[in-house]
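Below is one structure; the comments refer to it alone.
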Amino acid sequence: MNVTAPAASSTPARTLSRPPIGYWTGDANALVVGPDGLVQAARRSNELVYIVATAHGPAAAFGGEAHLGRGGMNGAGSYPLHAVLPPISAETLGDESFCRAHGVRYPYMTGAMANGIGSADIVIAMGKAGLMGSFGAAGLSHQRIEQAIDRIQGELGNLPYCFNLIHTPNEPSIEQGTVDLYLRRGVHLIEAAAFLGLTPMLVQYRLSGLRRGADGFVVAANRVIAKISRAEVAQAFMKPAPEKMVQELLAAGKITAQEAELGREISVADDITVEADSGGHTDNRPLVGLLPLIINLRDRLGTRGTGGHPVRVGAAGGIATPASTAAAFSMGAAYVVTGSVNQAALESGLAAKGKVLLAQAEMTDVMMAPAADMFEMGVKVQVLKRGTMFAMRGQKLYEIYRQYESLEAIPVKERERLEQQLFRRSVDEVWAETQSYWQKMDPRQLTRAAENPKHKMALCFRWYLGLASRWAIQGDETRAVDFQIWCGPAMGAFNDWARGGPLEKPENRNVVNIARNLLEGAAVLQRAESLRAQGIPVPDETFQYPSRVFGPAA
């Protein structure tokens, strides 16, 4: 649009109420006047843009020169300058040290989703696109995990990838075996999840391979990204490993004297992911309260991780739209982690039936249910309730567990309902399958069950809780009513935002497309907020980012 420049002394700011911060000179054809110019100023986020006053209202100037200060304008071709928008890109969001440390292009990762829902396909697609993906190793046999290691390492080579390490307080041998596998196979980055505190296995992983760098800082062969939702757990990860635990590992020959010594100088985790209200294991905490608390805790402790860098704090839980992504970065998140939304992606390990249910979910279509891995402790996970009865049935099992001391103590009619509706087989058959499973995974559980009838009952009930997620992964239509699909309110928020755009269609929901939309959208929304913070009256459309399809080279 060609704008005729008025005299310098008579150019009104019109709708711009604040005084100018200088003046702009350039080709009037570079000006886009009115609401459309402000929307373009936000959406062309990787360009330097100036907002000036014209006789026709605010205009966005793409190009030209800005002159800051109260000096006079140069007459024709000069306009009062009211805002400057430096470039913002998806790559510059968050803490650039996260990208540098992990070899990624963007400060973003997909969190691990158990039983391989966070699949090798997700990890590979993310790694090839300059993003981080975490493989959902929890609940899988060590053989299955090693198969995933073979594939991911074979396809990604030196590109970034991460594997999950789930805390298994009732089966420590599983956690130890996973750590041994990671150390043996050269998995140098793990996402530690569901930890109630530090364990010897986790500390062994972190300290193995520590050395002193040429700059004097400790260099870690193995990095830990800890996912937490409690300050006391975060604090443990932000400090060096407990001395007593370190000495026990040293005495057992699991670490060297040098590794024990260097371990006193670094935090257990290099990165802390603050997990707010989310799918799966969650304390249902609000991100706006939890993230600043953990960042303040980090600053008070002042401990450092690999290379002397302060522990980075990222955000997870509820990250599902450009707005929530931008909000997390605005609060100081070094990186963001998505979960629920990736289950509906093409590369997810969830069956098509489950993805359809997720694509239909509203924010209120979730509820808490007993966790299979921490059933006896009363720990719960957040799951999808739309289209499945799993949450109600799981809660019924926990009520029965609390009420009775053994399987034999359950009233006959109650037991029959369990066999007919939930188990669809006799309790004896369930126990036989349970015995076969634990004989391979951890025979000590069977020894405990023989001594404690209530533990035997818990193992049988865990049979249902554990298989419910596998039925969803396999897409077993005969068990559709029992699907356990981990899901937080973020899924409903994503569906609402995606409605009417290409990401509404399941065939466009690949993990890289989701990630790029959330990141690019966050950059646009941060630009819009920068406009508003500088006193520019922005139209509502400026804060909207419709989804798009990114090509492989975008």
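Numbering starts fresh at 1 for the residues of each chain in the structure tokens, the chains themselves are lettered A, B, ... in the order given, and ligands are numbered from 1 as they appear.
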Would you tabulate, counting only C-alpha atoms, all residues of segment 68-182 of chain A that have an atom at most 12 Å from an atom of segment 426-438 of chain A, showing the closest pair of atoms and their distance in Å to one decimal, sorted by chain then ascending number, as a tab-separated table?
```
residue	atom	partner	partner_atom	distance
A:Ser141	CA	A:Tyr437	CA	10.7
A:Glu171	CA	A:Trp438	CA	10.3
A:Ser173	CA	A:Trp438	CA	11.9
A:Ile174	CA	A:Trp438	CA	11.2
```
Near-Pro86 of chain A list (7 Å; only C-alpha atoms; drop same-chain fewer than 2 positions) as an MDAnalysis selection string: chainID A and resid 48:49 84 88
Mind writing the picked residues with C-alpha atoms as a PDB file, in the first residue's frame?
```
ATOM      1  CA  LEU A  48      12.214  -7.497  11.780  1.00  0.00           C
ATOM      2  CA  VAL A  49       9.086  -5.314  11.792  1.00  0.00           C
ATOM      3  CA  VAL A  84       9.975  -2.539  17.242  1.00  0.00           C
ATOM      4  CA  ILE A  88      11.333 -14.550  16.940  1.00  0.00           C
TER       5      ILE A  88
END
```
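Closest approach to Arg470 of chain A among A:Asp277, A:Met457, A:Gly116, A:His56: A:Gly116, based on only C-alpha atoms.
Between atom CA of Ser324 of chain A and atom CA of Leu287 of chain A the interatomic distance comes to 9.8 Å.
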All strand (DSSP E) positions in segment 116-307 of chain A, as a PyMOL selection string: chain A and resi 132-135+162-166+189-193+211-212+218-219+223-228+271-275+280-281
For Ala276 of chain A: contacts at 8 Å, only C-alpha atoms, fewer than 2 positions along chain excluded, given as a PyMOL selection string: chain A and resi 229+274+278+282-287+290+315-318
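Excluding Arg151 of chain A and any residue on its chain fewer than 2 positions from it, the residues at most 12 Å away by only C-alpha atoms are Ser119, Ala120, Asp121, Ile122, Val123, Ile124, Phe135, Arg144, Ile145, Glu146, Gln147, Ala148, Ile149, Gln153, Gly154, Glu155, Leu156, Gly157 and Tyr161 of chain A.
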Those same residues, written as a short mmCIF file (atom, residue, chain, number, x, y, z; two decimals), in the first residue's frame with C-alpha atoms?
```cif
data_model
loop_
_atom_site.label_atom_id
_atom_site.label_comp_id
_atom_site.auth_asym_id
_atom_site.auth_seq_id
_atom_site.Cartn_x
_atom_site.Cartn_y
_atom_site.Cartn_z
CA SER A 119 7.21 -45.58 19.83
CA ALA A 120 10.45 -46.00 17.93
CA ASP A 121 8.63 -44.39 14.98
CA ILE A 122 8.02 -41.26 17.08
CA VAL A 123 11.62 -41.09 18.28
CA ILE A 124 13.02 -41.56 14.77
CA PHE A 135 10.91 -43.95 23.83
CA ARG A 144 11.57 -55.38 23.64
CA ILE A 145 13.54 -52.37 24.86
CA GLU A 146 16.73 -53.70 23.30
CA GLN A 147 14.93 -54.23 20.00
CA ALA A 148 13.92 -50.57 20.11
CA ILE A 149 17.52 -49.58 20.87
CA GLN A 153 20.40 -46.34 17.03
CA GLY A 154 20.49 -47.93 13.59
CA GLU A 155 18.32 -45.23 11.99
CA LEU A 156 19.40 -42.15 13.93
CA GLY A 157 23.11 -42.75 14.52
CA TYR A 161 17.07 -39.62 21.01
#
```
All residues 8 Å or closer to Val524 of chain A, only C-alpha atoms, same chain fewer than 4 positions away omitted, as a list of chain:residue names: A:Ala42, A:Arg43, A:Arg44, A:Ser45, A:Ile88, A:Glu520, A:Ala528, A:Phe543, A:Tyr545
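Closest approach to Glu47 of chain A among A:Ala28, A:Asp95, A:Gly213, A:Leu85: A:Leu85, based on only C-alpha atoms.
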Residue list (helix (DSSP H, G or I), DSSP) for segment 65-228 of chain A, as a ChimeraX atom specification: /A:90-92,96-102,120-128,142-156,172-185,200-207
Residues near Ala522 of chain A, cut-off 9 Å, only C-alpha atoms, skip fewer than 2 positions along chain, as a list in words: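 The filter keeps Ser89, Ala90, Leu93, Thr321, Pro322, Ala323, Ser324, Thr325, Ala326, Ala327, Phe329, Asn517, Leu518, Leu519, Glu520, Val524, Leu525, Gln526, Arg527 and Tyr545 of chain A.
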Surrounding residues of Leu357 of chain A excluding itself and chain neighbours under 4 positions, 10 Å, only C-alpha atoms, as a ChimeraX atom specification: /A:344,352-353,361,384-388,485
Written selection (N, CA, C and O atoms) as a CSV table (one decimal), in the first residue's frame:
```csv
chain,number,residue,atom,x,y,z
A,344,ALA,N,-2.3,-39.5,19.7
A,344,ALA,CA,-3.2,-39.5,18.6
A,344,ALA,C,-2.5,-39.3,17.2
A,344,ALA,O,-3.1,-39.3,16.2
A,352,ALA,N,-5.6,-47.7,16.1
A,352,ALA,CA,-6.4,-46.7,15.4
A,352,ALA,C,-7.7,-46.4,16.2
A,352,ALA,O,-8.1,-45.3,16.2
A,353,LYS,N,-8.3,-47.4,16.8
A,353,LYS,CA,-9.5,-47.2,17.6
A,353,LYS,C,-9.3,-46.2,18.7
A,353,LYS,O,-10.1,-45.3,18.9
A,361,ALA,N,-12.1,-36.4,21.9
A,361,ALA,CA,-12.1,-36.0,23.3
A,361,ALA,C,-12.3,-34.5,23.5
A,361,ALA,O,-11.7,-33.7,22.8
A,384,LEU,N,-8.5,-41.5,29.7
A,384,LEU,CA,-9.7,-41.1,28.9
A,384,LEU,C,-10.9,-41.8,29.5
A,384,LEU,O,-10.8,-43.1,29.7
A,385,LYS,N,-12.0,-41.1,29.7
A,385,LYS,CA,-13.2,-41.8,30.1
A,385,LYS,C,-14.2,-41.9,29.0
A,385,LYS,O,-15.2,-42.7,29.1
A,386,ARG,N,-14.1,-41.1,27.9
A,386,ARG,CA,-15.0,-41.2,26.8
A,386,ARG,C,-14.8,-42.5,26.0
A,386,ARG,O,-13.7,-42.8,25.6
A,387,GLY,N,-15.9,-43.2,25.9
A,387,GLY,CA,-15.9,-44.4,25.1
A,387,GLY,C,-15.3,-45.7,25.8
A,387,GLY,O,-15.1,-46.7,25.1
A,388,THR,N,-15.0,-45.6,27.1
A,388,THR,CA,-14.4,-46.7,27.8
A,388,THR,C,-14.9,-46.7,29.2
A,388,THR,O,-15.1,-45.7,29.8
A,485,ILE,N,-6.5,-45.7,28.2
A,485,ILE,CA,-5.8,-44.7,27.4
A,485,ILE,C,-5.4,-43.5,28.2
A,485,ILE,O,-6.2,-42.8,28.7
```
Which of A:Met389, A:Ala55, A:Val203, A:Ala480 sits closest to Asp365 of chain A [using only C-alpha atoms]: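 Between A:Met389, A:Ala55, A:Val203, A:Ala480, the residue approaching Asp365 of chain A most closely is A:Met389.
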Closest of A:Gln484, A:Thr178, A:Asn164, A:Thr478 to Gln382 of chain A - atom-to-atom distances counting only C-alpha atoms: A:Gln484
